[in-house]
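Asks: File data09.pdb follows (PDB, C-alpha atoms):
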```
ATOM      1  CA  MET A   1     -37.989 -17.244  22.843
ATOM      2  CA  GLY A   2     -40.316 -14.873  20.998
ATOM      3  CA  CYS A   3     -38.955 -11.861  22.895
ATOM      4  CA  LEU A   4     -35.398 -13.069  22.353
ATOM      5  CA  GLY A   5     -36.022 -13.508  18.643
ATOM      6  CA  ARG A   6     -37.460 -10.020  18.288
ATOM      7  CA  ALA A   7     -34.550  -8.542  20.222
ATOM      8  CA  LEU A   8     -32.080 -10.376  17.980
ATOM      9  CA  ARG A   9     -33.804  -9.115  14.852
ATOM     10  CA  ARG A  10     -33.726  -5.561  16.176
ATOM     11  CA  LEU A  11     -30.008  -5.920  16.939
ATOM     12  CA  ILE A  12     -29.264  -7.213  13.446
ATOM     13  CA  THR A  13     -31.359  -4.436  11.902
ATOM     14  CA  ARG A  14     -29.347  -1.841  13.814
ATOM     15  CA  LEU A  15     -25.957  -3.440  13.184
ATOM     16  CA  LEU A  16     -26.384  -4.165   9.484
ATOM     17  CA  PRO A  17     -26.061  -0.543   8.286
ATOM     18  CA  LEU A  18     -22.967  -0.118  10.464
ATOM     19  CA  LEU A  19     -21.433  -3.299   9.080
ATOM     20  CA  MET A  20     -22.137  -2.177   5.522
ATOM     21  CA  ILE A  21     -20.505   1.191   6.174
ATOM     22  CA  ALA A  22     -17.473  -0.546   7.688
ATOM     23  CA  TYR A  23     -17.272  -2.881   4.693
ATOM     24  CA  LEU A  24     -17.026   0.120   2.352
ATOM     25  CA  PHE A  25     -13.637   0.890   3.895
ATOM     26  CA  VAL A  26     -12.492  -2.746   4.079
ATOM     27  CA  GLU A  27     -13.081  -3.815   0.480
ATOM     28  CA  PRO A  28     -10.383  -1.502  -1.010
ATOM     29  CA  PHE A  29      -7.787  -3.625   0.799
ATOM     30  CA  TRP A  30      -9.277  -6.950  -0.376
ATOM     31  CA  LEU A  31      -7.186  -7.278  -3.522
ATOM     32  CA  SER A  32      -8.228 -10.087  -5.849
ATOM     33  CA  GLU A  33      -6.257 -11.889  -8.547
ATOM     34  CA  ASP A  34      -7.767 -12.646 -11.928
ATOM     35  CA  ARG A  35      -5.787 -15.592 -13.321
ATOM     36  CA  ARG A  36      -6.731 -17.009 -16.686
ATOM     37  CA  THR A  37      -5.306 -18.605 -19.807
ATOM     38  CA  LEU A  38      -6.210 -17.168 -23.214
ATOM     39  CA  PHE A  39      -5.817 -18.990 -26.531
ATOM     40  CA  TYR A  40      -5.041 -17.413 -29.916
ATOM     41  CA  THR A  41      -4.481 -18.990 -33.310
ATOM     42  CA  ASN A  42      -2.166 -16.183 -34.475
ATOM     43  CA  LEU A  43       0.079 -16.188 -31.405
ATOM     44  CA  PRO A  44       3.578 -17.155 -32.636
ATOM     45  CA  PRO A  45       5.126 -20.308 -31.108
ATOM     46  CA  ALA A  46       7.914 -18.239 -29.556
ATOM     47  CA  PHE A  47       5.313 -16.440 -27.402
ATOM     48  CA  ASP A  48       3.344 -19.552 -26.433
ATOM     49  CA  GLY A  49       3.040 -19.471 -22.639
ATOM     50  CA  MET A  50       3.821 -15.757 -22.326
ATOM     51  CA  ARG A  51       2.836 -14.460 -18.885
ATOM     52  CA  VAL A  52       1.272 -10.968 -18.861
ATOM     53  CA  ALA A  53       0.610  -9.014 -15.665
ATOM     54  CA  PHE A  54      -1.841  -6.131 -16.032
ATOM     55  CA  VAL A  55      -2.428  -3.561 -13.298
ATOM     56  CA  THR A  56      -4.193  -0.218 -13.511
ATOM     57  CA  ASP A  57      -5.561   2.698 -11.464
ATOM     58  CA  ILE A  58      -3.110   2.468  -8.566
ATOM     59  CA  HIS A  59      -3.789   6.067  -7.460
ATOM     60  CA  VAL A  60      -0.841   6.372  -5.082
ATOM     61  CA  GLY A  61      -1.608   9.214  -2.688
ATOM     62  CA  PRO A  62      -3.566   9.824   0.508
ATOM     63  CA  PHE A  63      -5.495   6.546   0.165
ATOM     64  CA  PHE A  64      -2.748   4.334  -1.285
ATOM     65  CA  SER A  65       0.605   4.453   0.472
ATOM     66  CA  GLN A  66       4.093   3.695  -0.781
ATOM     67  CA  GLU A  67       4.056   0.678   1.522
ATOM     68  CA  ARG A  68       0.984  -0.703  -0.266
ATOM     69  CA  LEU A  69       2.687  -0.018  -3.590
ATOM     70  CA  ALA A  70       5.744  -2.017  -2.489
ATOM     71  CA  LYS A  71       3.504  -4.933  -1.513
ATOM     72  CA  LEU A  72       1.717  -4.705  -4.866
ATOM     73  CA  VAL A  73       5.018  -4.823  -6.761
ATOM     74  CA  ALA A  74       6.178  -7.792  -4.669
ATOM     75  CA  ARG A  75       2.916  -9.647  -5.325
ATOM     76  CA  ILE A  76       3.280  -9.170  -9.072
ATOM     77  CA  ASP A  77       6.970 -10.127  -9.024
ATOM     78  CA  ALA A  78       6.115 -13.346  -7.177
ATOM     79  CA  TRP A  79       4.141 -14.500 -10.236
ATOM     80  CA  HIS A  80       7.251 -14.009 -12.437
ATOM     81  CA  PRO A  81       5.526 -12.314 -15.387
ATOM     82  CA  ASP A  82       7.305 -12.066 -18.727
ATOM     83  CA  ILE A  83       5.851  -8.603 -19.277
ATOM     84  CA  ILE A  84       4.030  -6.034 -17.120
ATOM     85  CA  LEU A  85       1.438  -3.671 -18.568
ATOM     86  CA  LEU A  86       0.347  -0.586 -16.614
ATOM     87  CA  GLY A  87      -3.046   0.895 -17.445
ATOM     88  CA  GLY A  88      -2.838   4.503 -16.231
ATOM     89  CA  ASP A  89      -3.853   6.688 -13.264
ATOM     90  CA  TYR A  90      -0.724   6.148 -11.216
ATOM     91  CA  ALA A  91      -1.385   8.903  -8.674
ATOM     92  CA  THR A  92      -3.794  11.802  -8.168
ATOM     93  CA  ASP A  93      -2.673  14.339 -10.808
ATOM     94  CA  SER A  94       0.009  14.874 -13.435
ATOM     95  CA  ASP A  95       2.624  16.172 -10.975
ATOM     96  CA  SER A  96       2.194  13.200  -8.654
ATOM     97  CA  ALA A  97       2.172  10.830 -11.639
ATOM     98  CA  VAL A  98       5.589  12.163 -12.625
ATOM     99  CA  ALA A  99       6.692  11.705  -9.015
ATOM    100  CA  PHE A 100       5.335   8.126  -9.051
ATOM    101  CA  PHE A 101       7.789   7.108 -11.776
ATOM    102  CA  ALA A 102      10.588   9.367 -10.517
ATOM    103  CA  ALA A 103      10.474   7.387  -7.265
ATOM    104  CA  GLN A 104      11.217   4.209  -9.268
ATOM    105  CA  PRO A 105       8.160   2.102  -8.377
ATOM    106  CA  GLY A 106      10.137  -1.111  -8.915
ATOM    107  CA  PHE A 107       8.187  -2.906 -11.630
ATOM    108  CA  SER A 108      10.409  -5.144 -13.753
ATOM    109  CA  ALA A 109       9.983  -8.055 -16.150
ATOM    110  CA  PRO A 110      12.227  -9.841 -18.679
ATOM    111  CA  MET A 111      10.293  -8.580 -21.731
ATOM    112  CA  GLY A 112       9.787  -5.146 -20.241
ATOM    113  CA  VAL A 113       7.289  -2.889 -18.496
ATOM    114  CA  TYR A 114       4.944  -0.753 -20.612
ATOM    115  CA  ALA A 115       2.523   1.991 -19.577
ATOM    116  CA  VAL A 116      -0.242   4.195 -20.964
ATOM    117  CA  PRO A 117      -1.392   7.517 -19.469
ATOM    118  CA  GLY A 118      -4.716   7.851 -17.645
ATOM    119  CA  ASN A 119      -6.952  10.856 -17.153
ATOM    120  CA  HIS A 120      -5.479  11.725 -13.730
ATOM    121  CA  ASP A 121      -2.002  11.625 -15.287
ATOM    122  CA  ARG A 122      -3.095  14.162 -17.922
ATOM    123  CA  VAL A 123      -4.284  16.969 -15.636
ATOM    124  CA  LEU A 124      -2.919  20.328 -16.808
ATOM    125  CA  PRO A 125      -0.353  21.621 -17.551
ATOM    126  CA  GLU A 126      -0.176  19.859 -20.911
ATOM    127  CA  ALA A 127       3.633  20.098 -20.792
ATOM    128  CA  ASN A 128       3.601  17.539 -17.996
ATOM    129  CA  LEU A 129       2.985  14.814 -20.573
ATOM    130  CA  LEU A 130       6.571  15.138 -21.767
ATOM    131  CA  ARG A 131       7.781  15.074 -18.167
ATOM    132  CA  LEU A 132       5.678  11.989 -17.494
ATOM    133  CA  LEU A 133       6.965  10.105 -20.539
ATOM    134  CA  ARG A 134      10.527  11.016 -19.623
ATOM    135  CA  ALA A 135      10.015   9.856 -16.022
ATOM    136  CA  MET A 136       8.612   6.561 -17.318
ATOM    137  CA  ARG A 137      11.662   5.951 -19.479
ATOM    138  CA  GLU A 138      14.049   6.866 -16.662
ATOM    139  CA  ALA A 139      12.229   4.315 -14.472
ATOM    140  CA  GLY A 140      12.772   1.615 -17.107
ATOM    141  CA  VAL A 141       9.164   1.768 -18.311
ATOM    142  CA  THR A 142       8.345   2.108 -22.013
ATOM    143  CA  PRO A 143       5.511   4.593 -22.682
ATOM    144  CA  LEU A 144       2.708   3.533 -24.996
ATOM    145  CA  CYS A 145       1.272   6.909 -25.924
ATOM    146  CA  ASN A 146      -0.137   6.595 -29.448
ATOM    147  CA  ALA A 147       2.597   4.079 -30.164
ATOM    148  CA  VAL A 148       3.090   0.526 -31.381
ATOM    149  CA  GLU A 149       6.020  -1.513 -30.098
ATOM    150  CA  VAL A 150       7.241  -4.713 -31.722
ATOM    151  CA  LEU A 151       8.157  -7.519 -29.339
ATOM    152  CA  ARG A 152      10.536 -10.081 -30.839
ATOM    153  CA  ALA A 153      11.564 -13.582 -29.803
ATOM    154  CA  ASP A 154      13.334 -16.274 -31.831
ATOM    155  CA  GLY A 155      12.785 -14.370 -35.067
ATOM    156  CA  GLN A 156       9.041 -14.025 -34.431
ATOM    157  CA  SER A 157       7.109 -10.948 -33.326
ATOM    158  CA  ILE A 158       3.897  -9.571 -31.875
ATOM    159  CA  TYR A 159       2.609  -6.006 -31.530
ATOM    160  CA  LEU A 160       1.982  -4.046 -28.361
ATOM    161  CA  ALA A 161      -0.064  -0.871 -28.880
ATOM    162  CA  GLY A 162      -1.289   1.887 -26.586
ATOM    163  CA  ILE A 163      -2.831   5.348 -26.744
ATOM    164  CA  ASP A 164      -3.042   8.606 -24.830
ATOM    165  CA  ASP A 165      -6.028   8.951 -22.486
ATOM    166  CA  TYR A 166      -9.243   8.772 -24.477
ATOM    167  CA  ALA A 167     -11.124  11.417 -22.483
ATOM    168  CA  VAL A 168      -8.637  14.194 -21.789
ATOM    169  CA  GLY A 169      -5.569  13.365 -23.883
ATOM    170  CA  HIS A 170      -4.916  13.215 -27.617
ATOM    171  CA  PRO A 171      -5.664   9.573 -28.441
ATOM    172  CA  ASP A 172      -4.946   8.224 -31.914
ATOM    173  CA  ILE A 173      -6.661   4.852 -32.217
ATOM    174  CA  VAL A 174      -6.752   5.098 -36.015
ATOM    175  CA  GLY A 175      -3.017   5.735 -36.079
ATOM    176  CA  VAL A 176      -2.066   2.722 -33.965
ATOM    177  CA  ALA A 177      -4.506   0.523 -35.896
ATOM    178  CA  VAL A 178      -2.955   1.538 -39.219
ATOM    179  CA  ALA A 179       0.479   0.769 -37.753
ATOM    180  CA  SER A 180      -0.721  -2.785 -37.013
ATOM    181  CA  ARG A 181      -1.720  -5.834 -39.041
ATOM    182  CA  ALA A 182      -4.688  -8.057 -38.320
ATOM    183  CA  ASP A 183      -2.635 -11.184 -39.052
ATOM    184  CA  VAL A 184      -0.080 -10.275 -36.361
ATOM    185  CA  PHE A 185      -1.060 -10.890 -32.738
ATOM    186  CA  THR A 186      -1.653  -7.531 -31.020
ATOM    187  CA  ILE A 187      -2.252  -6.436 -27.441
ATOM    188  CA  PHE A 188      -3.893  -3.022 -27.211
ATOM    189  CA  VAL A 189      -3.816  -1.073 -23.933
ATOM    190  CA  MET A 190      -5.854   2.054 -23.224
ATOM    191  CA  HIS A 191      -6.987   3.582 -19.972
ATOM    192  CA  ASN A 192     -10.585   4.495 -20.763
ATOM    193  CA  PRO A 193     -12.901   1.802 -22.182
ATOM    194  CA  ASP A 194     -15.052   4.470 -23.844
ATOM    195  CA  GLY A 195     -12.616   4.044 -26.742
ATOM    196  CA  ILE A 196     -13.446   0.353 -27.262
ATOM    197  CA  PRO A 197     -16.140   0.897 -29.945
ATOM    198  CA  GLU A 198     -13.737   3.057 -31.963
ATOM    199  CA  ALA A 199     -10.987   0.458 -31.573
ATOM    200  CA  LEU A 200     -13.276  -2.323 -32.810
ATOM    201  CA  ALA A 201     -14.286  -0.211 -35.820
ATOM    202  CA  ALA A 202     -10.722   0.831 -36.722
ATOM    203  CA  ARG A 203      -8.845  -0.862 -39.576
ATOM    204  CA  ASP A 204      -5.260  -2.002 -39.930
ATOM    205  CA  ILE A 205      -2.772  -1.057 -42.637
ATOM    206  CA  ASN A 206      -4.514  -3.412 -45.069
ATOM    207  CA  GLY A 207      -8.007  -2.119 -44.309
ATOM    208  CA  ASN A 208      -8.955  -5.046 -42.085
ATOM    209  CA  GLN A 209     -10.839  -4.852 -38.808
ATOM    210  CA  GLY A 210      -9.972  -7.191 -35.955
ATOM    211  CA  TRP A 211      -6.434  -5.822 -35.625
ATOM    212  CA  ALA A 212      -6.433  -6.082 -31.796
ATOM    213  CA  ASN A 213      -6.649  -9.549 -30.255
ATOM    214  CA  LEU A 214      -6.483  -8.555 -26.589
ATOM    215  CA  ILE A 215      -7.736  -5.165 -25.345
ATOM    216  CA  LEU A 216      -6.906  -4.109 -21.778
ATOM    217  CA  CYS A 217      -8.555  -1.127 -20.042
ATOM    218  CA  GLY A 218      -9.192   0.339 -16.596
ATOM    219  CA  HIS A 219     -10.549   3.710 -15.447
ATOM    220  CA  THR A 220     -13.984   2.617 -14.178
ATOM    221  CA  HIS A 221     -12.860   1.010 -10.883
ATOM    222  CA  GLY A 222     -15.662  -1.448 -11.626
ATOM    223  CA  GLY A 223     -17.993   1.345 -10.590
ATOM    224  CA  GLN A 224     -16.146   1.552  -7.234
ATOM    225  CA  VAL A 225     -19.454   1.731  -5.334
ATOM    226  CA  THR A 226     -22.135  -0.453  -6.898
ATOM    227  CA  ILE A 227     -25.580  -1.806  -6.162
ATOM    228  CA  PHE A 228     -24.296  -5.187  -5.008
ATOM    229  CA  GLY A 229     -22.227  -5.513  -8.182
ATOM    230  CA  GLN A 230     -25.198  -5.128 -10.522
ATOM    231  CA  ARG A 231     -24.611  -1.541 -11.615
ATOM    232  CA  ALA A 232     -22.585   1.496 -10.625
ATOM    233  CA  LEU A 233     -24.060   4.270  -8.514
ATOM    234  CA  SER A 234     -22.222   6.837 -10.633
ATOM    235  CA  ASP A 235     -21.851   6.919 -14.408
ATOM    236  CA  ILE A 236     -18.065   6.726 -14.714
ATOM    237  CA  ASN A 237     -18.204   5.832 -18.398
ATOM    238  CA  ARG A 238     -20.274   8.562 -19.951
ATOM    239  CA  ALA A 239     -20.197   7.056 -23.440
ATOM    240  CA  THR A 240     -20.472   3.303 -22.877
ATOM    241  CA  GLY A 241     -22.059   3.201 -19.404
ATOM    242  CA  GLU A 242     -22.606  -0.270 -17.960
ATOM    243  CA  ARG A 243     -21.594  -1.999 -21.184
ATOM    244  CA  PHE A 244     -17.902  -1.703 -20.364
ATOM    245  CA  ARG A 245     -17.990  -1.094 -16.624
ATOM    246  CA  THR A 246     -16.133  -4.213 -15.522
ATOM    247  CA  GLY A 247     -15.026  -7.688 -16.481
ATOM    248  CA  TRP A 248     -14.366  -9.647 -19.652
ATOM    249  CA  LYS A 249     -16.154  -9.202 -22.975
ATOM    250  CA  TRP A 250     -15.701 -10.883 -26.352
ATOM    251  CA  GLU A 251     -16.507  -8.567 -29.246
ATOM    252  CA  GLY A 252     -15.180  -7.983 -32.738
ATOM    253  CA  GLY A 253     -12.821 -10.937 -32.495
ATOM    254  CA  ALA A 254     -11.106  -9.503 -29.418
ATOM    255  CA  ASP A 255     -10.871 -10.492 -25.777
ATOM    256  CA  ILE A 256     -11.676  -7.289 -23.889
ATOM    257  CA  LEU A 257     -10.892  -6.690 -20.231
ATOM    258  CA  VAL A 258     -12.110  -3.728 -18.178
ATOM    259  CA  SER A 259     -10.287  -4.001 -14.866
ATOM    260  CA  ASN A 260     -11.611  -2.779 -11.522
ATOM    261  CA  GLY A 261      -8.113  -1.450 -10.897
ATOM    262  CA  VAL A 262      -6.267  -1.333  -7.613
ATOM    263  CA  GLY A 263      -6.811   2.035  -5.956
ATOM    264  CA  THR A 264      -9.716   4.378  -5.338
ATOM    265  CA  THR A 265     -10.600   7.952  -6.169
ATOM    266  CA  LEU A 266     -12.519  10.682  -4.314
ATOM    267  CA  LEU A 267     -13.085   8.448  -1.260
ATOM    268  CA  PRO A 268     -11.201   5.347  -0.037
ATOM    269  CA  ILE A 269     -14.243   3.103  -0.420
ATOM    270  CA  ARG A 270     -15.498   0.264  -2.601
ATOM    271  CA  PHE A 271     -18.693  -1.771  -2.548
ATOM    272  CA  PHE A 272     -18.979  -4.986  -4.559
ATOM    273  CA  ALA A 273     -16.218  -3.797  -6.906
ATOM    274  CA  ARG A 274     -13.143  -5.456  -5.418
ATOM    275  CA  PRO A 275      -9.716  -4.214  -6.529
ATOM    276  CA  GLN A 276      -7.981  -6.464  -9.048
ATOM    277  CA  ILE A 277      -4.697  -7.413 -10.607
ATOM    278  CA  HIS A 278      -4.628  -9.672 -13.636
ATOM    279  CA  PHE A 279      -2.286 -12.553 -14.423
ATOM    280  CA  LEU A 280      -2.831 -13.698 -18.003
ATOM    281  CA  THR A 281      -1.119 -16.630 -19.714
ATOM    282  CA  LEU A 282      -1.194 -16.515 -23.504
ATOM    283  CA  ARG A 283      -1.235 -19.824 -25.360
ATOM    284  CA  ARG A 284      -1.133 -20.705 -29.024
ATOM    285  CA  ALA A 285      -4.337 -22.398 -30.151
ATOM    286  CA  GLN A 286      -4.076 -25.274 -32.597
TER     287      GLN A 286
END
```
Re-express the file's structure as structure tokens.

Replies:
Amino acid sequence: MGCLGRALRRLITRLLPLLMIAYLFVEPFWLSEDRRTLFYTNLPPAFDGMRVAFVTDIHVGPFFSQERLAKLVARIDAWHPDIILLGGDYATDSDSAVAFFAAQPGFSAPMGVYAVPGNHDRVLPEANLLRLLRAMREAGVTPLCNAVEVLRADGQSIYLAGIDDYAVGHPDIVGVAVASRADVFTIFVMHNPDGIPEALAARDINGNQGWANLILCGHTHGGQVTIFGQRALSDINRATGERFRTGWKWEGGADILVSNGVGTTLLPIRFFARPQIHFLTLRRAQ
């Protein structure tokens, strides 16, 4: 038994590195769903129970096929969201991002589909931004590029804000904050969480902080390859580092989500940073 035990240990020792390498290529296909209910005192009654689907960093291209995109759209549709929010990085560069929307990806929801640009969508030439925004609109998607949209229901309203990519675009967090009011429920979408500290410090039209109730971001891929989920091997967020690498935070009166996203970049691998889509139900708190 001693010889058998030693042989088994040697086998496991040899197989473990191979299994870990194989897992790197399996995890990108192991899509998880983050389902949660969030409560807000300033959510109008007309929006009580609103279902929000958030998906980011799809990166359609060599490592994410159109077939996988179709399955992703079907999975989101099956939840019957009231609104779909897209967090940027739709393909590999600005030309392919335009092509992503020109191909009509198929996202639809009763209250609309809204999208912000990501850093991959803002690769030069700069003129492609106008092409991208036009392709979004032609696909039935409303761009949120330094813009605030008002969503109305039964005479009540909430704000939906979004900015250009924080790293390589022309983001205007101050502008969207000033176009908002802290007493009106606001969802703020931006691709890069490096902008979170600026968003928390910004003030609304009346000079109040706390203008954003729910902040949704992506970009980091959760680190994509991590040390067993504890920290990223690469510093994707140069400004905020591990602070806003992944998951939910509660700061400055806001619920903050940094999503692991769906696709991958550079290599089709993930390690303890599973891809995610988010299904959020908003409820009015008493």

Asks: Mind listing whatever residues come within 10 Å of the point (-5.5, 3.3, -19.8)? Use all atoms listed in the file, file coordinates, and give them as an NGL selection string.

Replies: :A and (55-57 or 85-89 or 115-119 or 144-145 or 162-166 or 188-193 or 195 or 216-219 or 258)

Asks: If the PyMOL selection byres ((chain A and resi 200) around 12) were run on this exact file, what residues would it hold? Put them as a PDB file with C-alpha atoms, keeping the file's coordinate frame.

Replies:
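And here is the file that came out, selection.pdb:
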```pdb
ATOM      1  CA  ILE A 173      -6.661   4.852 -32.217  1.00  0.00           C
ATOM      2  CA  VAL A 174      -6.752   5.098 -36.015  1.00  0.00           C
ATOM      3  CA  ALA A 177      -4.506   0.523 -35.896  1.00  0.00           C
ATOM      4  CA  ALA A 182      -4.688  -8.057 -38.320  1.00  0.00           C
ATOM      5  CA  PHE A 188      -3.893  -3.022 -27.211  1.00  0.00           C
ATOM      6  CA  PRO A 193     -12.901   1.802 -22.182  1.00  0.00           C
ATOM      7  CA  ASP A 194     -15.052   4.470 -23.844  1.00  0.00           C
ATOM      8  CA  GLY A 195     -12.616   4.044 -26.742  1.00  0.00           C
ATOM      9  CA  ILE A 196     -13.446   0.353 -27.262  1.00  0.00           C
ATOM     10  CA  PRO A 197     -16.140   0.897 -29.945  1.00  0.00           C
ATOM     11  CA  GLU A 198     -13.737   3.057 -31.963  1.00  0.00           C
ATOM     12  CA  ALA A 199     -10.987   0.458 -31.573  1.00  0.00           C
ATOM     13  CA  ALA A 201     -14.286  -0.211 -35.820  1.00  0.00           C
ATOM     14  CA  ALA A 202     -10.722   0.831 -36.722  1.00  0.00           C
ATOM     15  CA  ARG A 203      -8.845  -0.862 -39.576  1.00  0.00           C
ATOM     16  CA  ASP A 204      -5.260  -2.002 -39.930  1.00  0.00           C
ATOM     17  CA  ASN A 208      -8.955  -5.046 -42.085  1.00  0.00           C
ATOM     18  CA  GLN A 209     -10.839  -4.852 -38.808  1.00  0.00           C
ATOM     19  CA  GLY A 210      -9.972  -7.191 -35.955  1.00  0.00           C
ATOM     20  CA  TRP A 211      -6.434  -5.822 -35.625  1.00  0.00           C
ATOM     21  CA  ALA A 212      -6.433  -6.082 -31.796  1.00  0.00           C
ATOM     22  CA  ASN A 213      -6.649  -9.549 -30.255  1.00  0.00           C
ATOM     23  CA  LEU A 214      -6.483  -8.555 -26.589  1.00  0.00           C
ATOM     24  CA  ILE A 215      -7.736  -5.165 -25.345  1.00  0.00           C
ATOM     25  CA  TRP A 250     -15.701 -10.883 -26.352  1.00  0.00           C
ATOM     26  CA  GLU A 251     -16.507  -8.567 -29.246  1.00  0.00           C
ATOM     27  CA  GLY A 252     -15.180  -7.983 -32.738  1.00  0.00           C
ATOM     28  CA  GLY A 253     -12.821 -10.937 -32.495  1.00  0.00           C
ATOM     29  CA  ALA A 254     -11.106  -9.503 -29.418  1.00  0.00           C
ATOM     30  CA  ASP A 255     -10.871 -10.492 -25.777  1.00  0.00           C
ATOM     31  CA  ILE A 256     -11.676  -7.289 -23.889  1.00  0.00           C
TER      32      ILE A 256
END
```

Asks: Applying 8 Å and all atoms listed in the file, which residues near Phe271 in chain A remain after dropping the ones on its own chain fewer than 3 positions away? List them as a list in words.

Replies: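 The filter keeps Tyr23, Leu24, Glu27, Gln224, Val225, Thr226, Ile227, Phe228, Gly229 and Arg274 of chain A.
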
Asks: I'd like the interatomic distance between CA of Arg245 in chain A and CA of His59 in chain A, to a tenth of an Å.

Replies: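 Taking CA of Arg245 in chain A and CA of His59 in chain A, their separation equals 18.4 Å.
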
Asks: Run the PyMOL selection byres ((chain A and resi 94) around 10) on the file and write out the hits as a list in words.

Replies: Asp89, Tyr90, Ala91, Thr92, Asp93, Asp95, Ser96, Ala97, Val98, Ala99, Phe100, Pro117, Gly118, Asn119, His120, Asp121, Arg122, Val123, Leu124, Pro125, Glu126, Ala127, Asn128, Leu129, Arg131 and Leu132 of chain A

Asks: Taking all atoms of range 47-62 of chain A that the file lists, what box with edges along x, y and z, padded by 8 Å per side, do you get, with centre and edge lengths in Å to one decimal, as AutoDock Vina command-line options?

Replies:
```
--center_x -0.1 --center_y -4.9 --center_z -13.4 --size_x 26.9 --size_y 45.4 --size_z 43.9
```

Asks: Distance CA of Leu280 in chain A-CA of Phe63 in chain A, one decimal place?

Replies: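 If I compute the distance from CA of Leu280 in chain A to CA of Phe63 in chain A, I get 27.3 Å.
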
Asks: Could you write out as a PyMOL selection string the residues that the PyMOL selection byres ((chain A and resi 103) around 12) matches in the shown file?

Replies: chain A and resi 60+66+69-70+90+96-102+104-107+135-136+138-140

Asks: As an exercise, work out the distance from CA of Ile21 in chain A to CA of His278 in chain A in Å and give it to one decimal place.

Replies: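 Going from CA of Ile21 in chain A over to CA of His278 in chain A covers 27.6 Å.
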
Asks: Just want the 7 Å neighbourhood of range 29-46 of chain A, counted on all atoms listed in the file, with same-chain residues fewer than 3 positions away dropped. Output as a list in words.

Replies: Val26, Ala153, Asp154, Gln156, Asp183, Val184, Phe185, Arg274, Pro275, Gln276, Ile277, His278, Phe279, Leu280, Thr281, Leu282, Arg283, Arg284, Ala285 and Gln286 of chain A

Asks: Can you work out which one of A:Val262, A:Leu16, A:Leu130, A:Ala273 has the shortest atom-to-atom distance to Val73 in chain A, counting only C-alpha atoms?

Replies: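 Of A:Val262, A:Leu16, A:Leu130, A:Ala273, the one nearest Val73 in chain A, counting only C-alpha atoms, is A:Val262.
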
Asks: Rank nothing, just name the residue among A:Met20, A:Ile58, A:Met50, A:Val148 nearest to Thr264 in chain A, using all atoms listed in the file.

Replies: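 Nearest candidate to Thr264 in chain A out of A:Met20, A:Ile58, A:Met50, A:Val148: A:Ile58.
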
Asks: Within 8 Å of (-1.8, -7.2, -46.3) in the file's own coordinates, which protein, DNA or RNA residues have an atom, counting all atoms listed in the file? List them as a PyMOL selection string.

Replies: chain A and resi 181+205-206

Asks: Between A:Ser108, A:Ser65, A:Asn146, A:Ser157, which is the closest to Val176 in chain A once you count all atoms listed in the file?

Replies: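 Closest residue, counting all atoms listed in the file: A:Asn146.
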
Asks: Can I get range 239-247 of chain A with N, CA, C and O atoms filled in, as a PDB file, in the frame of the given file?

Replies:
```pdb
ATOM      1  N   ALA A 239     -19.830   7.501 -22.102  1.00  0.00           N
ATOM      2  CA  ALA A 239     -20.197   7.056 -23.440  1.00  0.00           C
ATOM      3  C   ALA A 239     -20.745   5.629 -23.462  1.00  0.00           C
ATOM      4  O   ALA A 239     -21.779   5.365 -24.070  1.00  0.00           O
ATOM      5  N   THR A 240     -20.083   4.709 -22.777  1.00  0.00           N
ATOM      6  CA  THR A 240     -20.472   3.303 -22.877  1.00  0.00           C
ATOM      7  C   THR A 240     -21.221   2.796 -21.660  1.00  0.00           C
ATOM      8  O   THR A 240     -21.759   1.692 -21.681  1.00  0.00           O
ATOM      9  N   GLY A 241     -21.274   3.560 -20.578  1.00  0.00           N
ATOM     10  CA  GLY A 241     -22.059   3.201 -19.404  1.00  0.00           C
ATOM     11  C   GLY A 241     -21.743   1.824 -18.868  1.00  0.00           C
ATOM     12  O   GLY A 241     -20.585   1.434 -18.732  1.00  0.00           O
ATOM     13  N   GLU A 242     -22.782   1.052 -18.565  1.00  0.00           N
ATOM     14  CA  GLU A 242     -22.606  -0.270 -17.960  1.00  0.00           C
ATOM     15  C   GLU A 242     -21.996  -1.285 -18.913  1.00  0.00           C
ATOM     16  O   GLU A 242     -21.472  -2.305 -18.476  1.00  0.00           O
ATOM     17  N   ARG A 243     -22.070  -1.027 -20.196  1.00  0.00           N
ATOM     18  CA  ARG A 243     -21.594  -1.999 -21.184  1.00  0.00           C
ATOM     19  C   ARG A 243     -20.152  -2.398 -20.935  1.00  0.00           C
ATOM     20  O   ARG A 243     -19.790  -3.574 -21.033  1.00  0.00           O
ATOM     21  N   PHE A 244     -19.305  -1.420 -20.630  1.00  0.00           N
ATOM     22  CA  PHE A 244     -17.902  -1.703 -20.364  1.00  0.00           C
ATOM     23  C   PHE A 244     -17.508  -1.179 -18.979  1.00  0.00           C
ATOM     24  O   PHE A 244     -16.520  -0.475 -18.829  1.00  0.00           O
ATOM     25  N   ARG A 245     -18.309  -1.525 -17.995  1.00  0.00           N
ATOM     26  CA  ARG A 245     -17.990  -1.094 -16.624  1.00  0.00           C
ATOM     27  C   ARG A 245     -16.941  -1.992 -15.975  1.00  0.00           C
ATOM     28  O   ARG A 245     -16.038  -1.517 -15.296  1.00  0.00           O
ATOM     29  N   THR A 246     -17.044  -3.294 -16.198  1.00  0.00           N
ATOM     30  CA  THR A 246     -16.133  -4.213 -15.522  1.00  0.00           C
ATOM     31  C   THR A 246     -16.154  -5.567 -16.214  1.00  0.00           C
ATOM     32  O   THR A 246     -17.126  -5.923 -16.893  1.00  0.00           O
ATOM     33  N   GLY A 247     -15.056  -6.298 -16.070  1.00  0.00           N
ATOM     34  CA  GLY A 247     -15.026  -7.688 -16.481  1.00  0.00           C
ATOM     35  C   GLY A 247     -14.590  -7.935 -17.912  1.00  0.00           C
ATOM     36  O   GLY A 247     -14.108  -7.045 -18.608  1.00  0.00           O
TER      37      GLY A 247
END
```
